[in-house]
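One structure below.
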Amino acid sequence: MAELIELDGPRHEPMAGGDPEQLVILLHGLGADGDDLIGLAPHWAQNLPKAAFAAPNAPFPCDMAPYGYQWFSVQDRSPEAMLAGINNVAPSLNAFIDAELTRTGLGADKLALVGFSQGTMMSLYVAPRRDAPVVAVVGYSGRLIAPERLATETVSRPPVLLIHGEVDDLVPFASMAEAETGLTGAGFTVETESRPGQGHGIDPEGLTRGGDFLRAEFGV
């Protein structure tokens with residue numbers, strides 16, 4: 001059984017004040033930390049003023065850079081190694097999600113996961129396997145790990161939005177189509193957004209698209 005590691009990171013409370021009515025958990029990429037994605041919160045809070053945001057730091061120091069964190073090592077990028085890495089850290093992420101739902105007094109029907117790069121891999125792996133379905137998943141510049149396992153391991157099928165830069169030199173643009181194929185084949189509803197000229201990052205149009213998707217799925 002994987003050892004549970006307590007996660008923590010920056011938070012952004014509802015812009016409108018008071019108790020939150022939605023919760024968005026932001027999962028950063030390799031070599032970054034929670035501060036890297038919590039910066040999305042002020043932008044999305046304009047249209048989700050009653051949402052709370054939390055961006056945990058991944059549990060392990062990045063082994064490919066002198067700073068930042070990682071959810072799992074990608075020095076071995078074989079499917080077996082990637083799956084083992086995700087399985088090792090998923091219980092810790094689920095524990096953080098559960099703790100944030102308790103902290104905010106919300107149920108999973110008020111929760112969305114947003115990932116970037118490796119954080120997208122985590123979001124797309126964890127969300128379908130949680131007992132209570134989340135509202136939505138937004139994945140930027142990521143991949144779907146172990147799509148062949150979805151048929152037997154999926155518990156719920158939240159709607160998914162995938163956004164990817166067409167000139168991404170770290171996670172190939174083709175990864176978006178591969179993820180879409182794997183998810184739709186397992187019965188998920190998937191929307192995609194290609195960003196022309198965009199590399200491995202989030203541009204203003206992609207940021208707006210993600211925020212609009214969250215607002216629509218939350219019914220705000």
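In the structure tokens, each chain is lettered A, B, ... as it comes, each chain's residues begin at 1, and ligands are numbered from 1 in order of appearance.
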Neighbouring residues of Leu93 (chain A) were defined as those with any atom within 10 Å, considering only C-alpha atoms; residues of the same chain fewer than 3 positions away were excluded. Please report them as an MDAnalysis selection string. chainID A and resid 4:7 27 56 58:59 71 86 88:90 96:99 122:123 126
For Met15 (chain A), find every residue with an atom within 12 Å (counting only C-alpha atoms), except residues of its own chain fewer than 4 positions away, and show them as a PyMOL selection string. chain A and resi 11+19-22+41-53
Extract the full set of strand (DSSP E or B) residues from region 8-216 of chain A according to DSSP on the backbone, and format it as JSON, numbers by chain. {"A": [11, 12, 22, 23, 24, 25, 26, 27, 32, 51, 52, 53, 54, 60, 61, 69, 70, 111, 112, 113, 114, 115, 116, 136, 137, 138, 139, 140, 160, 161, 162, 163, 164, 165, 190, 191, 192, 193, 194, 195]}
Take the residues from that selection and write them out as a compact mmCIF listing (two decimals), in the first residue's frame, keeping N, CA and C atoms.
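The result, stored in part.txt:
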```
# COMPACT_ATOMS: atom_id res chain seq x y z
N ARG A 11 -3.83 28.70 -1.29
CA ARG A 11 -5.28 28.69 -1.49
C ARG A 11 -5.74 30.10 -1.83
N HIS A 12 -6.88 30.17 -2.48
CA HIS A 12 -7.51 31.45 -2.82
C HIS A 12 -8.97 31.32 -2.43
N GLN A 22 -18.32 26.47 -4.56
CA GLN A 22 -17.63 25.56 -5.46
C GLN A 22 -16.18 25.45 -4.99
N LEU A 23 -15.53 24.36 -5.39
CA LEU A 23 -14.12 24.15 -5.07
C LEU A 23 -13.39 23.71 -6.34
N VAL A 24 -12.30 24.40 -6.66
CA VAL A 24 -11.47 24.05 -7.81
C VAL A 24 -10.08 23.72 -7.29
N ILE A 25 -9.63 22.50 -7.56
CA ILE A 25 -8.29 22.07 -7.15
C ILE A 25 -7.40 22.06 -8.37
N LEU A 26 -6.27 22.77 -8.27
CA LEU A 26 -5.35 23.01 -9.38
C LEU A 26 -4.08 22.19 -9.17
N LEU A 27 -3.73 21.36 -10.15
CA LEU A 27 -2.58 20.47 -10.02
C LEU A 27 -1.49 20.88 -11.01
N ALA A 32 7.36 22.46 -11.01
CA ALA A 32 6.69 23.68 -10.54
C ALA A 32 6.19 23.47 -9.10
N ALA A 51 -16.27 30.63 -5.62
CA ALA A 51 -15.44 29.43 -5.65
C ALA A 51 -14.19 29.60 -4.80
N ALA A 52 -13.81 28.54 -4.12
CA ALA A 52 -12.52 28.46 -3.44
C ALA A 52 -11.57 27.69 -4.34
N PHE A 53 -10.29 28.04 -4.29
CA PHE A 53 -9.28 27.39 -5.10
C PHE A 53 -8.15 26.88 -4.19
N ALA A 54 -7.62 25.72 -4.49
CA ALA A 54 -6.49 25.17 -3.74
C ALA A 54 -5.53 24.54 -4.73
N PHE A 60 7.01 15.28 -4.10
CA PHE A 60 8.41 14.92 -4.23
C PHE A 60 9.22 16.03 -4.90
N PRO A 61 10.44 16.27 -4.42
CA PRO A 61 11.30 17.22 -5.12
C PRO A 61 11.55 16.74 -6.56
N TYR A 69 8.69 20.67 -7.71
CA TYR A 69 8.22 19.38 -7.24
C TYR A 69 7.70 18.54 -8.40
N GLN A 70 7.50 17.27 -8.13
CA GLN A 70 6.92 16.36 -9.11
C GLN A 70 5.94 15.42 -8.44
N LEU A 111 -17.11 20.06 -6.91
CA LEU A 111 -15.66 20.01 -7.07
C LEU A 111 -15.27 19.84 -8.53
N ALA A 112 -14.26 20.59 -8.96
CA ALA A 112 -13.64 20.40 -10.28
C ALA A 112 -12.13 20.29 -10.10
N LEU A 113 -11.52 19.49 -10.95
CA LEU A 113 -10.07 19.36 -10.98
C LEU A 113 -9.52 20.00 -12.24
N VAL A 114 -8.44 20.75 -12.08
CA VAL A 114 -7.76 21.38 -13.21
C VAL A 114 -6.29 21.00 -13.13
N GLY A 115 -5.75 20.49 -14.23
CA GLY A 115 -4.35 20.13 -14.23
C GLY A 115 -3.60 20.77 -15.37
N PHE A 116 -2.29 20.90 -15.16
CA PHE A 116 -1.38 21.32 -16.23
C PHE A 116 -0.28 20.29 -16.35
N ALA A 136 -16.29 18.32 -13.05
CA ALA A 136 -15.60 18.47 -14.33
C ALA A 136 -14.11 18.34 -14.13
N VAL A 137 -13.42 18.07 -15.24
CA VAL A 137 -11.96 18.07 -15.28
C VAL A 137 -11.52 18.93 -16.46
N VAL A 138 -10.57 19.83 -16.20
CA VAL A 138 -9.94 20.62 -17.26
C VAL A 138 -8.47 20.24 -17.28
N GLY A 139 -7.99 19.81 -18.44
CA GLY A 139 -6.60 19.39 -18.55
C GLY A 139 -5.86 20.18 -19.61
N TYR A 140 -4.80 20.88 -19.19
CA TYR A 140 -3.95 21.62 -20.11
C TYR A 140 -2.67 20.84 -20.38
N VAL A 160 -15.02 16.37 -19.55
CA VAL A 160 -13.60 16.73 -19.62
C VAL A 160 -13.39 17.75 -20.72
N LEU A 161 -12.58 18.76 -20.42
CA LEU A 161 -12.10 19.70 -21.44
C LEU A 161 -10.59 19.56 -21.52
N LEU A 162 -10.08 19.29 -22.72
CA LEU A 162 -8.64 19.20 -22.96
C LEU A 162 -8.20 20.38 -23.82
N ILE A 163 -7.14 21.06 -23.39
CA ILE A 163 -6.61 22.22 -24.11
C ILE A 163 -5.11 21.99 -24.30
N HIS A 164 -4.63 22.20 -25.54
CA HIS A 164 -3.23 21.87 -25.80
C HIS A 164 -2.67 22.79 -26.89
N GLY A 165 -1.47 23.28 -26.67
CA GLY A 165 -0.79 24.10 -27.66
C GLY A 165 -0.31 23.26 -28.83
N VAL A 190 -16.10 14.54 -23.96
CA VAL A 190 -14.85 15.28 -24.03
C VAL A 190 -14.97 16.43 -25.01
N GLU A 191 -14.51 17.60 -24.59
CA GLU A 191 -14.34 18.73 -25.50
C GLU A 191 -12.84 19.02 -25.62
N THR A 192 -12.42 19.49 -26.78
CA THR A 192 -11.01 19.81 -26.98
C THR A 192 -10.86 21.22 -27.54
N GLU A 193 -9.71 21.80 -27.23
CA GLU A 193 -9.39 23.14 -27.71
C GLU A 193 -7.93 23.16 -28.13
N SER A 194 -7.68 23.32 -29.42
CA SER A 194 -6.32 23.44 -29.94
C SER A 194 -5.91 24.91 -29.92
N ARG A 195 -4.68 25.15 -29.48
CA ARG A 195 -4.22 26.53 -29.41
C ARG A 195 -3.08 26.73 -30.42
```
Per DSSP on the backbone, what are the alpha helix (DSSP H) residues of chain A, as a PyMOL selection string? chain A and resi 34-38+41-44+79-104+118-126+150-153+174-185+204-218
Would you export the selected residues with C-alpha atoms as a PDB file, in the first residue's frame, please?
```pdb
ATOM      1  CA  GLY A  34       1.235  25.260  -6.214  1.00  0.00           C
ATOM      2  CA  ASP A  35       2.136  28.917  -6.655  1.00  0.00           C
ATOM      3  CA  ASP A  36       2.486  28.262 -10.375  1.00  0.00           C
ATOM      4  CA  LEU A  37      -1.234  27.530 -10.834  1.00  0.00           C
ATOM      5  CA  ILE A  38      -2.904  29.417  -7.992  1.00  0.00           C
ATOM      6  CA  ALA A  41      -7.656  31.714  -9.458  1.00  0.00           C
ATOM      7  CA  PRO A  42      -7.986  35.536  -9.609  1.00  0.00           C
ATOM      8  CA  HIS A  43      -8.839  35.313 -13.318  1.00  0.00           C
ATOM      9  CA  TRP A  44     -11.491  32.638 -12.930  1.00  0.00           C
ATOM     10  CA  PRO A  79       3.991   3.006 -19.552  1.00  0.00           C
ATOM     11  CA  GLU A  80       4.688   0.664 -16.636  1.00  0.00           C
ATOM     12  CA  ALA A  81       6.848   3.172 -14.779  1.00  0.00           C
ATOM     13  CA  MET A  82       4.424   6.053 -15.355  1.00  0.00           C
ATOM     14  CA  LEU A  83       1.485   3.986 -14.113  1.00  0.00           C
ATOM     15  CA  ALA A  84       3.424   2.855 -11.048  1.00  0.00           C
ATOM     16  CA  GLY A  85       4.315   6.464 -10.268  1.00  0.00           C
ATOM     17  CA  ILE A  86       0.718   7.618 -10.494  1.00  0.00           C
ATOM     18  CA  ASN A  87      -0.561   4.716  -8.418  1.00  0.00           C
ATOM     19  CA  ASN A  88       1.993   5.542  -5.740  1.00  0.00           C
ATOM     20  CA  VAL A  89       0.894   9.163  -5.344  1.00  0.00           C
ATOM     21  CA  ALA A  90      -2.853   8.930  -6.092  1.00  0.00           C
ATOM     22  CA  PRO A  91      -3.815   8.036  -2.485  1.00  0.00           C
ATOM     23  CA  SER A  92      -2.062  11.158  -1.191  1.00  0.00           C
ATOM     24  CA  LEU A  93      -3.836  13.346  -3.733  1.00  0.00           C
ATOM     25  CA  ASN A  94      -7.186  11.767  -2.907  1.00  0.00           C
ATOM     26  CA  ALA A  95      -6.564  12.410   0.772  1.00  0.00           C
ATOM     27  CA  PHE A  96      -5.884  16.079   0.010  1.00  0.00           C
ATOM     28  CA  ILE A  97      -9.055  16.325  -2.074  1.00  0.00           C
ATOM     29  CA  ASP A  98     -11.097  14.758   0.715  1.00  0.00           C
ATOM     30  CA  ALA A  99      -9.579  17.124   3.273  1.00  0.00           C
ATOM     31  CA  GLU A 100     -10.360  20.180   1.138  1.00  0.00           C
ATOM     32  CA  LEU A 101     -13.969  19.050   0.674  1.00  0.00           C
ATOM     33  CA  THR A 102     -14.249  18.685   4.440  1.00  0.00           C
ATOM     34  CA  ARG A 103     -12.576  22.062   5.020  1.00  0.00           C
ATOM     35  CA  THR A 104     -14.958  23.855   2.672  1.00  0.00           C
ATOM     36  CA  GLN A 118       1.789  16.221 -15.198  1.00  0.00           C
ATOM     37  CA  GLY A 119      -1.073  17.668 -13.168  1.00  0.00           C
ATOM     38  CA  THR A 120      -3.392  16.824 -16.069  1.00  0.00           C
ATOM     39  CA  MET A 121      -2.142  13.242 -15.976  1.00  0.00           C
ATOM     40  CA  MET A 122      -3.001  13.118 -12.278  1.00  0.00           C
ATOM     41  CA  SER A 123      -6.433  14.707 -12.790  1.00  0.00           C
ATOM     42  CA  LEU A 124      -7.410  12.359 -15.609  1.00  0.00           C
ATOM     43  CA  TYR A 125      -6.314   9.355 -13.567  1.00  0.00           C
ATOM     44  CA  VAL A 126      -7.798  10.253 -10.187  1.00  0.00           C
ATOM     45  CA  LEU A 150     -10.488   2.896 -17.941  1.00  0.00           C
ATOM     46  CA  ALA A 151     -12.928   0.219 -19.064  1.00  0.00           C
ATOM     47  CA  THR A 152     -12.536  -1.746 -15.837  1.00  0.00           C
ATOM     48  CA  GLU A 153     -11.531   0.968 -13.348  1.00  0.00           C
ATOM     49  CA  ALA A 174      -0.915  14.575 -30.530  1.00  0.00           C
ATOM     50  CA  SER A 175      -1.354  13.617 -26.867  1.00  0.00           C
ATOM     51  CA  MET A 176      -4.629  15.548 -26.804  1.00  0.00           C
ATOM     52  CA  ALA A 177      -6.187  13.470 -29.582  1.00  0.00           C
ATOM     53  CA  GLU A 178      -4.902  10.283 -27.964  1.00  0.00           C
ATOM     54  CA  ALA A 179      -6.476  11.276 -24.639  1.00  0.00           C
ATOM     55  CA  GLU A 180      -9.727  12.191 -26.343  1.00  0.00           C
ATOM     56  CA  THR A 181      -9.850   8.803 -28.066  1.00  0.00           C
ATOM     57  CA  GLY A 182      -9.169   6.940 -24.828  1.00  0.00           C
ATOM     58  CA  LEU A 183     -11.736   8.900 -22.840  1.00  0.00           C
ATOM     59  CA  THR A 184     -14.538   8.860 -25.403  1.00  0.00           C
ATOM     60  CA  GLY A 185     -13.949   5.156 -25.935  1.00  0.00           C
ATOM     61  CA  PRO A 204      -5.166  33.914 -22.533  1.00  0.00           C
ATOM     62  CA  GLU A 205      -7.610  32.201 -24.884  1.00  0.00           C
ATOM     63  CA  GLY A 206      -7.014  28.837 -23.233  1.00  0.00           C
ATOM     64  CA  LEU A 207      -7.441  30.424 -19.824  1.00  0.00           C
ATOM     65  CA  THR A 208     -10.768  31.944 -20.845  1.00  0.00           C
ATOM     66  CA  ARG A 209     -11.950  28.692 -22.411  1.00  0.00           C
ATOM     67  CA  GLY A 210     -11.195  26.775 -19.230  1.00  0.00           C
ATOM     68  CA  GLY A 211     -12.977  29.316 -17.064  1.00  0.00           C
ATOM     69  CA  ASP A 212     -16.050  29.305 -19.293  1.00  0.00           C
ATOM     70  CA  PHE A 213     -16.170  25.510 -19.149  1.00  0.00           C
ATOM     71  CA  LEU A 214     -15.989  25.484 -15.354  1.00  0.00           C
ATOM     72  CA  ARG A 215     -18.687  28.113 -15.053  1.00  0.00           C
ATOM     73  CA  ALA A 216     -20.996  26.168 -17.355  1.00  0.00           C
ATOM     74  CA  GLU A 217     -20.419  22.838 -15.596  1.00  0.00           C
ATOM     75  CA  PHE A 218     -20.925  24.416 -12.174  1.00  0.00           C
TER      76      PHE A 218
END
```
